[in-house]
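**Student:** Let me give you the structure first, and then I'll get to my questions.
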Amino acid sequence: MSDFLEVLNRQSLKRHIKDGYADRKAQKKKFDEERKLQRLEKSVVKKKEVPKNMESHESDVEEDISTSGRGYTVSVALPGSILDNAQSPELRTYLAGQIARACVIFQVDEIIIFNETEPSDKKLSMEGEFRGVGKKGNGCVQLARILQYLECPQYLRKFILPRHHDLKYAGLLNPLDSPHHMRMEDDVPYREGVVLDRPTKDGKGSFVDCGALKIVQIDKKLQTNVRVTVKMLKSEKEKRKYFKGKAVSPSEPRIKAGIYWGYSVRLASSLSSVFADCTFGDKYDLAIGTSERGVSVDKFTLPKFKHLLIVFGGVKGLEESLAADDDLEGIDDPALLFSHYLNTCPQQGSGTIRTEEAILISLSALRPKIDARFNKIEPA
């Protein structure tokens, strides 16, 4: 009798498991159908929003993008030696994450990491690895590498950024959530992508993975595994196998559409190299140094500019950076290097302000002045 009951219980358990599996399968099917219906409704709404004067033939039509862009740029420079003051690899990584977050929040276009601990004729390279606190070397390369990692959209990192010891803890950092870090389903005018190794016909361009629902086919033939900014093109063909796009300059989203498109990272061998090697043209037309010995920012009026450079010192201030630069020998006062030398936190309560704190404080103080100046000038 007990054997019979045991068999009966096993059969009942099997039926219960089978019924539960069937219920879950039915729920999943219902959920998938609802998602398909939502996507269909979205596509119908977008069709209704198409202008009446748009041609009806099947062709690629560029999306109408606002031309109220941003013509000016903001660059931030700081020494990589600030990482040497951190006590562990985790803290060094977290410090880099704080700097990246601050720069993205205030829409900084370029971060320059300069060397202030070694002779200025030594060229910095992203090769090799940072050896850490208490050992030879400096943190310029590691800081630059972590900043590049955080700026790169998540779906591109596996293609562009190789595994490296400097990035061991970078995956734990808070994401930047910058506008170019979009989701797969986002309908946006621009995307960042990587060129795929896929064969295409002559004159058909390249295939690019932009983290979208479909692969994007662009108008140009580019080298494999190269990062590219893509302007998404609209097509009236609903069932096209690929999205269509156009390769553009990384600055186009900022200049034409006013969309913040992340920051670039530059390594400089010394403080003087920060000024000498301008990314955006001949020179930065407005350079601001930050120090507690500067003029109060409260009384400062920002002059007209197109490329703004804001320079921060390390643990011992810009005086240390100046003393370590052989090309600036004979200059005793850092204020002579800048258009303006500002104290962005007058009457500070602490005896020292850390560089990552100074970046947040300074950009907060300068932001309304930049906005006021920007409203008076036309974008480039």
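Ordering of the structure tokens sets the chain letters (A, B, ...), residue numbers begin anew at 1 in every chain, and ligands are numbered from 1 in the order given.
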Can you write out as a Markdown table which residues of segment 91-113 of chain A fall within 10 Å of segment 165-188 of chain A, alongside each residue's closest atom pair and its distance in Å to one decimal, counting only C-alpha atoms and ordering rows by chain and ascending residue number?

**Tutor:**
```
| residue | atom | partner | partner_atom | distance |
| --- | --- | --- | --- | --- |
| A:Leu91 | CA | A:Tyr169 | CA | 9.4 |
| A:Arg92 | CA | A:Tyr169 | CA | 9.4 |
| A:Thr93 | CA | A:Ala170 | CA | 6.3 |
| A:Tyr94 | CA | A:Leu173 | CA | 6.6 |
| A:Leu95 | CA | A:Leu173 | CA | 9.8 |
| A:Ala96 | CA | A:Ala170 | CA | 9.1 |
| A:Gly97 | CA | A:Leu173 | CA | 6.2 |
| A:Gln98 | CA | A:Asn174 | CA | 8.8 |
| A:Ala100 | CA | A:Leu176 | CA | 7.4 |
| A:Arg101 | CA | A:Leu176 | CA | 5.9 |
| A:Ala102 | CA | A:Leu176 | CA | 9.3 |
| A:Cys103 | CA | A:Leu176 | CA | 9.6 |
| A:Val104 | CA | A:Ser178 | CA | 6.8 |
| A:Ile105 | CA | A:Ser178 | CA | 8.4 |
| A:Gln107 | CA | A:Ser178 | CA | 9.2 |
```

**Student:** May I have the selected residues written with all heavy atoms, as a tab-separated table (two decimals), in the first residue's frame?

**Tutor:**
```tsv
chain	number	residue	atom	x	y	z
A	91	LEU	N	40.89	52.36	-4.44
A	91	LEU	CA	40.71	53.79	-4.22
A	91	LEU	C	41.18	54.61	-5.41
A	91	LEU	O	40.61	55.65	-5.73
A	91	LEU	CB	41.45	54.22	-2.95
A	91	LEU	CG	40.84	53.73	-1.63
A	91	LEU	CD1	41.71	54.15	-0.46
A	91	LEU	CD2	39.41	54.27	-1.45
A	92	ARG	N	42.25	54.16	-6.08
A	92	ARG	CA	42.72	54.85	-7.28
A	92	ARG	C	41.65	54.80	-8.36
A	92	ARG	O	41.38	55.79	-9.04
A	92	ARG	CB	44.02	54.23	-7.78
A	92	ARG	CG	45.24	54.54	-6.94
A	92	ARG	CD	46.51	54.25	-7.70
A	92	ARG	NE	46.67	52.84	-7.99
A	92	ARG	CZ	47.23	51.96	-7.19
A	92	ARG	NH1	47.68	52.34	-6.01
A	92	ARG	NH2	47.36	50.70	-7.54
A	93	THR	N	41.05	53.63	-8.52
A	93	THR	CA	40.00	53.48	-9.53
A	93	THR	C	38.79	54.34	-9.19
A	93	THR	O	38.21	55.00	-10.07
A	93	THR	CB	39.58	52.01	-9.64
A	93	THR	OG1	40.74	51.20	-9.93
A	93	THR	CG2	38.56	51.80	-10.74
A	94	TYR	N	38.41	54.36	-7.93
A	94	TYR	CA	37.26	55.16	-7.51
A	94	TYR	C	37.51	56.65	-7.72
A	94	TYR	O	36.62	57.40	-8.12
A	94	TYR	CB	36.94	54.88	-6.04
A	94	TYR	CG	35.74	55.64	-5.54
A	94	TYR	CD1	34.45	55.31	-5.97
A	94	TYR	CD2	35.88	56.69	-4.65
A	94	TYR	CE1	33.35	56.01	-5.52
A	94	TYR	CE2	34.78	57.41	-4.19
A	94	TYR	CZ	33.51	57.05	-4.63
A	94	TYR	OH	32.42	57.75	-4.19
A	95	LEU	N	38.76	57.08	-7.46
A	95	LEU	CA	39.13	58.48	-7.68
A	95	LEU	C	38.97	58.86	-9.15
A	95	LEU	O	38.44	59.93	-9.48
A	95	LEU	CB	40.56	58.70	-7.21
A	95	LEU	CG	41.18	60.08	-7.48
A	95	LEU	CD1	40.35	61.17	-6.83
A	95	LEU	CD2	42.61	60.12	-6.96
A	96	ALA	N	39.42	57.98	-10.04
A	96	ALA	CA	39.25	58.23	-11.48
A	96	ALA	C	37.78	58.31	-11.85
A	96	ALA	O	37.37	59.13	-12.68
A	96	ALA	CB	39.95	57.14	-12.28
A	97	GLY	N	36.96	57.47	-11.23
A	97	GLY	CA	35.52	57.49	-11.49
A	97	GLY	C	34.87	58.79	-11.04
A	97	GLY	O	33.96	59.31	-11.71
A	98	GLN	N	35.34	59.35	-9.92
A	98	GLN	CA	34.82	60.64	-9.46
A	98	GLN	C	35.11	61.75	-10.47
A	98	GLN	O	34.26	62.60	-10.73
A	98	GLN	CB	35.44	60.99	-8.10
A	98	GLN	CG	34.91	60.18	-6.93
A	98	GLN	CD	35.57	60.59	-5.63
A	98	GLN	OE1	36.77	60.41	-5.44
A	98	GLN	NE2	34.79	61.15	-4.74
A	100	ALA	N	35.67	61.40	-13.71
A	100	ALA	CA	34.87	61.18	-14.92
A	100	ALA	C	33.44	61.64	-14.72
A	100	ALA	O	32.85	62.30	-15.59
A	100	ALA	CB	34.91	59.70	-15.30
A	101	ARG	N	32.85	61.30	-13.58
A	101	ARG	CA	31.48	61.71	-13.31
A	101	ARG	C	31.34	63.23	-13.28
A	101	ARG	O	30.40	63.79	-13.85
A	101	ARG	CB	31.02	61.13	-11.96
A	101	ARG	CG	30.72	59.65	-11.97
A	101	ARG	CD	29.37	59.33	-12.54
A	101	ARG	NE	28.30	60.01	-11.82
A	101	ARG	CZ	27.04	60.03	-12.23
A	101	ARG	NH1	26.70	59.41	-13.36
A	101	ARG	NH2	26.11	60.66	-11.54
A	102	ALA	N	32.27	63.92	-12.61
A	102	ALA	CA	32.20	65.38	-12.51
A	102	ALA	C	32.29	66.01	-13.89
A	102	ALA	O	31.53	66.95	-14.20
A	102	ALA	CB	33.33	65.89	-11.62
A	103	CYS	N	33.19	65.50	-14.74
A	103	CYS	CA	33.37	66.09	-16.07
A	103	CYS	C	32.16	65.86	-16.97
A	103	CYS	O	31.79	66.74	-17.76
A	103	CYS	CB	34.63	65.52	-16.72
A	103	CYS	SG	36.16	66.09	-15.95
A	104	VAL	N	31.53	64.71	-16.85
A	104	VAL	CA	30.35	64.44	-17.67
A	104	VAL	C	29.16	65.27	-17.20
A	104	VAL	O	28.39	65.81	-18.01
A	104	VAL	CB	30.01	62.93	-17.64
A	104	VAL	CG1	28.62	62.67	-18.20
A	104	VAL	CG2	31.03	62.16	-18.46
A	105	ILE	N	29.00	65.42	-15.89
A	105	ILE	CA	27.89	66.21	-15.36
A	105	ILE	C	27.93	67.63	-15.90
A	105	ILE	O	26.88	68.20	-16.24
A	105	ILE	CB	27.93	66.20	-13.82
A	105	ILE	CG1	27.53	64.82	-13.29
A	105	ILE	CG2	27.02	67.27	-13.23
A	105	ILE	CD1	27.74	64.64	-11.80
A	107	GLN	N	29.51	68.58	-18.70
A	107	GLN	CA	29.69	68.55	-20.15
A	107	GLN	C	31.09	69.01	-20.58
A	107	GLN	O	31.24	69.85	-21.48
A	107	GLN	CB	28.61	69.39	-20.84
A	107	GLN	CG	27.21	68.89	-20.59
A	107	GLN	CD	26.18	69.51	-21.52
A	107	GLN	OE1	26.50	70.03	-22.57
A	107	GLN	NE2	24.92	69.43	-21.14
```

**Student:** Near segment 151-158 of chain A, counting only C-alpha atoms, which residues have an atom at most 7 Å away, once you skip same-chain residues fewer than 4 positions from it, shown as a PyMOL selection string?

**Tutor:** chain A and resi 147+181+193-194+211+262-263

**Student:** Could you tell me how far atom CA of Ile370 of chain A lies from atom CA of Ser350 of chain A, in Å and to one decimal?

**Tutor:**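 According to the coordinates, atom CA of Ile370 of chain A and atom CA of Ser350 of chain A are separated by 27.0 Å.
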
**Student:** Show which residues sit within 10 Å of Gly313 of chain A, as number ranges by chain. Count only C-alpha atoms, and ignore same-chain residues fewer than 5 positions away.

**Tutor:** A: 77-82, 114, 116, 271, 289-291, 318-322, 354-355, 358

**Student:** For Leu328 of chain A, which of A:Ala144, A:Tyr284, A:Val230, A:Phe275 is the closest residue, counting only C-alpha atoms?

**Tutor:**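 Among the listed residues, the smallest separation from Leu328 of chain A belongs to A:Phe275.
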
**Student:** When you count only C-alpha atoms, which of these residues is closest to Pro250 of chain A: A:His164, A:Lys369, A:Lys231, A:Arg70?

**Tutor:**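 Going through A:His164, A:Lys369, A:Lys231, A:Arg70 one by one, the smallest distance to Pro250 of chain A is for A:Lys231.
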
**Student:** Hey, which of A:Val208, A:Ile160, A:Val108, A:Ile288 ends up closest to Leu337 of chain A? Count only C-alpha atoms.

**Tutor:**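 Checking each candidate against Leu337 of chain A, we get A:Ile288 as the closest.
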
**Student:** Hey, which of A:Ile361, A:Ala257, A:Ile99, A:Val295 ends up closest to Ser68 of chain A? Count only C-alpha atoms.

**Tutor:**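 Comparing A:Ile361, A:Ala257, A:Ile99, A:Val295 against Ser68 of chain A, the winner is A:Ala257.
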
**Student:** Could you check how far atom CA of Gly281 of chain A sits from atom CA of Ile111 of chain A, in Å to one decimal?

**Tutor:** 15.8 Å

**Student:** Going by DSSP on the backbone, which residues of segment 112-326 of chain A come out as alpha helix (DSSP H)? List them as a short mmCIF file (atom, residue, chain, number, x, y, z; two decimals) with all heavy atoms, in the first residue's frame.

**Tutor:**
```cif
data_model
loop_
_atom_site.label_atom_id
_atom_site.label_comp_id
_atom_site.auth_asym_id
_atom_site.auth_seq_id
_atom_site.Cartn_x
_atom_site.Cartn_y
_atom_site.Cartn_z
N CYS A 140 49.54 58.71 -14.52
CA CYS A 140 48.97 59.34 -15.72
C CYS A 140 48.31 58.33 -16.64
O CYS A 140 47.17 58.53 -17.09
CB CYS A 140 50.06 60.10 -16.48
SG CYS A 140 50.75 61.53 -15.61
N VAL A 141 49.01 57.26 -16.93
CA VAL A 141 48.50 56.28 -17.90
C VAL A 141 47.28 55.55 -17.35
O VAL A 141 46.29 55.34 -18.06
CB VAL A 141 49.61 55.28 -18.28
CG1 VAL A 141 49.05 54.16 -19.13
CG2 VAL A 141 50.73 55.99 -19.03
N GLN A 142 47.34 55.17 -16.07
CA GLN A 142 46.20 54.46 -15.49
C GLN A 142 44.97 55.35 -15.43
O GLN A 142 43.86 54.91 -15.75
CB GLN A 142 46.52 53.95 -14.09
CG GLN A 142 45.39 53.07 -13.54
CD GLN A 142 45.60 52.67 -12.10
OE1 GLN A 142 46.23 53.38 -11.33
NE2 GLN A 142 45.07 51.51 -11.73
N LEU A 143 45.15 56.60 -15.04
CA LEU A 143 44.02 57.52 -14.99
C LEU A 143 43.41 57.71 -16.37
O LEU A 143 42.18 57.66 -16.53
CB LEU A 143 44.48 58.87 -14.42
CG LEU A 143 43.43 59.98 -14.34
CD1 LEU A 143 42.23 59.53 -13.53
CD2 LEU A 143 44.04 61.24 -13.75
N ALA A 144 44.25 57.89 -17.38
CA ALA A 144 43.76 58.05 -18.74
C ALA A 144 43.02 56.81 -19.22
O ALA A 144 41.97 56.90 -19.87
CB ALA A 144 44.91 58.38 -19.69
N ARG A 145 43.56 55.64 -18.89
CA ARG A 145 42.94 54.39 -19.33
C ARG A 145 41.56 54.20 -18.70
O ARG A 145 40.60 53.77 -19.36
CB ARG A 145 43.86 53.21 -19.01
CG ARG A 145 43.36 51.88 -19.55
CD ARG A 145 44.36 50.77 -19.30
NE ARG A 145 45.40 50.76 -20.31
CZ ARG A 145 46.70 50.96 -20.07
NH1 ARG A 145 47.10 51.19 -18.84
NH2 ARG A 145 47.58 50.92 -21.05
N ILE A 146 41.42 54.50 -17.41
CA ILE A 146 40.13 54.35 -16.74
C ILE A 146 39.13 55.36 -17.28
O ILE A 146 37.95 55.04 -17.49
CB ILE A 146 40.29 54.50 -15.22
CG1 ILE A 146 41.16 53.36 -14.67
CG2 ILE A 146 38.93 54.47 -14.52
CD1 ILE A 146 41.51 53.51 -13.20
N LEU A 147 39.58 56.58 -17.53
CA LEU A 147 38.69 57.60 -18.09
C LEU A 147 38.19 57.19 -19.48
O LEU A 147 37.02 57.39 -19.81
CB LEU A 147 39.42 58.95 -18.17
CG LEU A 147 39.75 59.63 -16.84
CD1 LEU A 147 40.56 60.89 -17.08
CD2 LEU A 147 38.49 59.93 -16.06
N GLN A 148 39.06 56.61 -20.30
CA GLN A 148 38.65 56.13 -21.61
C GLN A 148 37.64 55.00 -21.49
O GLN A 148 36.66 54.93 -22.24
CB GLN A 148 39.87 55.66 -22.41
CG GLN A 148 40.71 56.78 -22.99
CD GLN A 148 41.84 56.24 -23.86
OE1 GLN A 148 42.24 55.09 -23.73
NE2 GLN A 148 42.34 57.08 -24.74
N TYR A 149 37.89 54.11 -20.54
CA TYR A 149 36.99 52.97 -20.32
C TYR A 149 35.58 53.45 -19.97
O TYR A 149 34.58 52.97 -20.52
CB TYR A 149 37.54 52.09 -19.21
CG TYR A 149 36.63 50.95 -18.80
CD1 TYR A 149 36.69 49.72 -19.45
CD2 TYR A 149 35.72 51.10 -17.75
CE1 TYR A 149 35.85 48.68 -19.07
CE2 TYR A 149 34.89 50.07 -17.37
CZ TYR A 149 34.95 48.86 -18.03
OH TYR A 149 34.12 47.84 -17.66
N LEU A 150 35.48 54.42 -19.05
CA LEU A 150 34.18 54.90 -18.61
C LEU A 150 33.46 55.68 -19.70
O LEU A 150 32.23 55.62 -19.81
CB LEU A 150 34.35 55.77 -17.37
CG LEU A 150 34.77 55.04 -16.09
CD1 LEU A 150 35.07 56.02 -14.98
CD2 LEU A 150 33.69 54.05 -15.66
N GLU A 151 34.20 56.41 -20.53
CA GLU A 151 33.58 57.20 -21.58
C GLU A 151 33.03 56.33 -22.70
O GLU A 151 32.04 56.69 -23.34
CB GLU A 151 34.61 58.19 -22.15
CG GLU A 151 34.04 59.20 -23.13
CD GLU A 151 33.93 58.66 -24.56
OE1 GLU A 151 34.69 57.72 -24.89
OE2 GLU A 151 33.11 59.17 -25.34
N ARG A 157 32.85 48.29 -25.48
CA ARG A 157 34.08 48.04 -24.72
C ARG A 157 34.74 46.71 -25.10
O ARG A 157 35.96 46.62 -25.17
CB ARG A 157 33.78 48.07 -23.22
CG ARG A 157 33.44 49.46 -22.72
CD ARG A 157 32.95 49.46 -21.29
NE ARG A 157 32.56 50.80 -20.85
CZ ARG A 157 31.92 51.08 -19.73
NH1 ARG A 157 31.58 50.08 -18.92
NH2 ARG A 157 31.61 52.31 -19.42
N LYS A 158 33.97 45.69 -25.36
CA LYS A 158 34.55 44.38 -25.68
C LYS A 158 35.27 44.41 -27.03
O LYS A 158 36.16 43.59 -27.27
CB LYS A 158 33.46 43.31 -25.68
CG LYS A 158 32.38 43.53 -26.73
CD LYS A 158 31.32 42.45 -26.64
CE LYS A 158 30.21 42.68 -27.68
NZ LYS A 158 29.15 41.63 -27.60
N PHE A 159 34.90 45.35 -27.91
CA PHE A 159 35.55 45.46 -29.21
C PHE A 159 36.80 46.34 -29.16
O PHE A 159 37.79 46.06 -29.83
CB PHE A 159 34.58 46.04 -30.25
CG PHE A 159 33.37 45.21 -30.52
CD1 PHE A 159 32.16 45.55 -29.97
CD2 PHE A 159 33.45 44.08 -31.32
CE1 PHE A 159 31.02 44.78 -30.21
CE2 PHE A 159 32.33 43.30 -31.56
CZ PHE A 159 31.11 43.66 -31.00
N ILE A 160 36.73 47.42 -28.39
CA ILE A 160 37.74 48.47 -28.47
C ILE A 160 38.77 48.40 -27.35
O ILE A 160 39.96 48.65 -27.57
CB ILE A 160 37.05 49.85 -28.46
CG1 ILE A 160 36.15 49.99 -29.70
CG2 ILE A 160 38.06 50.98 -28.41
CD1 ILE A 160 35.32 51.25 -29.71
N GLU A 252 30.03 66.45 -34.44
CA GLU A 252 28.79 66.89 -35.09
C GLU A 252 27.59 66.88 -34.14
O GLU A 252 26.78 67.82 -34.17
CB GLU A 252 28.49 66.03 -36.32
CG GLU A 252 27.22 66.47 -37.04
CD GLU A 252 27.00 65.80 -38.37
OE1 GLU A 252 27.96 65.77 -39.18
OE2 GLU A 252 25.89 65.31 -38.62
N PRO A 253 27.41 65.86 -33.29
CA PRO A 253 26.26 65.91 -32.37
C PRO A 253 26.27 67.16 -31.49
O PRO A 253 25.21 67.74 -31.22
CB PRO A 253 26.42 64.64 -31.53
CG PRO A 253 27.18 63.71 -32.41
CD PRO A 253 28.12 64.57 -33.19
N ARG A 254 27.46 67.60 -31.06
CA ARG A 254 27.56 68.80 -30.23
C ARG A 254 27.31 70.06 -31.05
O ARG A 254 26.54 70.93 -30.62
CB ARG A 254 28.95 68.87 -29.59
CG ARG A 254 29.25 70.21 -28.92
CD ARG A 254 30.63 70.23 -28.31
NE ARG A 254 31.69 70.01 -29.28
CZ ARG A 254 32.22 70.95 -30.05
NH1 ARG A 254 31.78 72.20 -29.99
NH2 ARG A 254 33.20 70.67 -30.90
N ILE A 255 27.93 70.16 -32.21
CA ILE A 255 27.87 71.40 -32.99
C ILE A 255 26.51 71.58 -33.66
O ILE A 255 25.95 72.68 -33.65
CB ILE A 255 28.98 71.39 -34.07
CG1 ILE A 255 30.37 71.43 -33.40
CG2 ILE A 255 28.82 72.57 -35.01
CD1 ILE A 255 31.52 71.30 -34.37
N LYS A 256 25.93 70.54 -34.21
CA LYS A 256 24.70 70.67 -34.98
C LYS A 256 23.44 70.43 -34.15
O LYS A 256 22.41 71.05 -34.40
CB LYS A 256 24.72 69.72 -36.18
CG LYS A 256 25.71 70.12 -37.25
CD LYS A 256 25.49 69.31 -38.51
CE LYS A 256 26.41 69.80 -39.64
NZ LYS A 256 26.17 69.05 -40.90
N ALA A 257 23.51 69.51 -33.21
CA ALA A 257 22.30 69.15 -32.45
C ALA A 257 22.34 69.58 -30.99
O ALA A 257 21.35 69.44 -30.28
CB ALA A 257 22.06 67.64 -32.54
N LEU A 271 53.27 70.32 -18.05
CA LEU A 271 52.29 71.39 -17.98
C LEU A 271 52.31 72.24 -19.25
O LEU A 271 51.26 72.63 -19.77
CB LEU A 271 52.57 72.26 -16.75
CG LEU A 271 51.64 73.46 -16.53
CD1 LEU A 271 50.20 73.03 -16.40
CD2 LEU A 271 52.08 74.26 -15.31
N SER A 272 53.49 72.54 -19.77
CA SER A 272 53.59 73.35 -20.98
C SER A 272 52.97 72.66 -22.18
O SER A 272 52.43 73.30 -23.08
CB SER A 272 55.05 73.70 -21.27
OG SER A 272 55.83 72.52 -21.43
N SER A 273 53.03 71.32 -22.22
CA SER A 273 52.44 70.57 -23.33
C SER A 273 50.92 70.67 -23.36
O SER A 273 50.30 70.48 -24.40
CB SER A 273 52.85 69.10 -23.26
OG SER A 273 54.25 68.96 -23.39
N VAL A 274 50.33 70.95 -22.21
CA VAL A 274 48.88 71.14 -22.15
C VAL A 274 48.47 72.28 -23.07
O VAL A 274 47.48 72.19 -23.81
CB VAL A 274 48.44 71.42 -20.71
CG1 VAL A 274 46.97 71.80 -20.66
CG2 VAL A 274 48.70 70.21 -19.82
N PHE A 275 49.24 73.38 -23.06
CA PHE A 275 48.93 74.55 -23.87
C PHE A 275 49.39 74.37 -25.32
O PHE A 275 48.73 74.84 -26.25
CB PHE A 275 49.60 75.79 -23.28
CG PHE A 275 49.22 76.07 -21.86
CD1 PHE A 275 49.98 75.59 -20.81
CD2 PHE A 275 48.10 76.82 -21.57
CE1 PHE A 275 49.64 75.85 -19.50
CE2 PHE A 275 47.74 77.09 -20.25
CZ PHE A 275 48.51 76.60 -19.21
N ALA A 276 50.52 73.71 -25.51
CA ALA A 276 51.14 73.64 -26.83
C ALA A 276 50.37 72.76 -27.80
O ALA A 276 50.32 73.04 -29.00
CB ALA A 276 52.58 73.14 -26.70
N LEU A 318 49.58 74.04 -8.44
CA LEU A 318 50.20 74.28 -9.74
C LEU A 318 51.65 74.69 -9.61
O LEU A 318 52.41 74.60 -10.58
CB LEU A 318 49.42 75.35 -10.51
CG LEU A 318 48.09 74.88 -11.12
CD1 LEU A 318 47.28 76.07 -11.64
CD2 LEU A 318 48.32 73.88 -12.24
N GLU A 319 52.05 75.17 -8.44
CA GLU A 319 53.46 75.53 -8.23
C GLU A 319 54.37 74.31 -8.42
O GLU A 319 55.45 74.42 -9.00
CB GLU A 319 53.65 76.12 -6.83
CG GLU A 319 53.03 77.49 -6.63
CD GLU A 319 51.53 77.45 -6.40
OE1 GLU A 319 50.99 76.33 -6.27
OE2 GLU A 319 50.91 78.51 -6.35
N GLU A 320 53.93 73.16 -7.94
CA GLU A 320 54.70 71.93 -8.11
C GLU A 320 54.80 71.54 -9.57
O GLU A 320 55.85 71.11 -10.05
CB GLU A 320 54.05 70.81 -7.30
CG GLU A 320 54.75 69.46 -7.38
CD GLU A 320 56.02 69.43 -6.58
OE1 GLU A 320 56.27 70.37 -5.79
OE2 GLU A 320 56.78 68.45 -6.73
N SER A 321 53.70 71.68 -10.30
CA SER A 321 53.70 71.35 -11.73
C SER A 321 54.61 72.28 -12.50
O SER A 321 55.32 71.85 -13.42
CB SER A 321 52.28 71.45 -12.28
OG SER A 321 51.38 70.63 -11.57
N LEU A 322 54.63 73.54 -12.12
CA LEU A 322 55.49 74.52 -12.78
C LEU A 322 56.96 74.22 -12.52
O LEU A 322 57.80 74.29 -13.43
CB LEU A 322 55.14 75.93 -12.28
CG LEU A 322 55.98 77.09 -12.81
CD1 LEU A 322 55.84 77.20 -14.32
CD2 LEU A 322 55.57 78.39 -12.14
N ALA A 323 57.30 73.87 -11.29
CA ALA A 323 58.70 73.59 -10.92
C ALA A 323 59.23 72.35 -11.63
O ALA A 323 60.44 72.25 -11.90
CB ALA A 323 58.81 73.42 -9.41
#
```

**Student:** Mind pulling up the distance from atom CA of Gly203 of chain A to atom CA of Met232 of chain A?

**Tutor:**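 Rounded to one decimal, the two atoms are 18.5 Å apart.
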
**Student:** When you look at His307 of chain A with a cut-off of 8 Å (counting only C-alpha atoms), what residues show up, excluding the ones that are within fewer than 4 positions of it in the same chain? I need them as a PyMOL selection string.

**Tutor:** chain A and resi 72-75+280+283-286
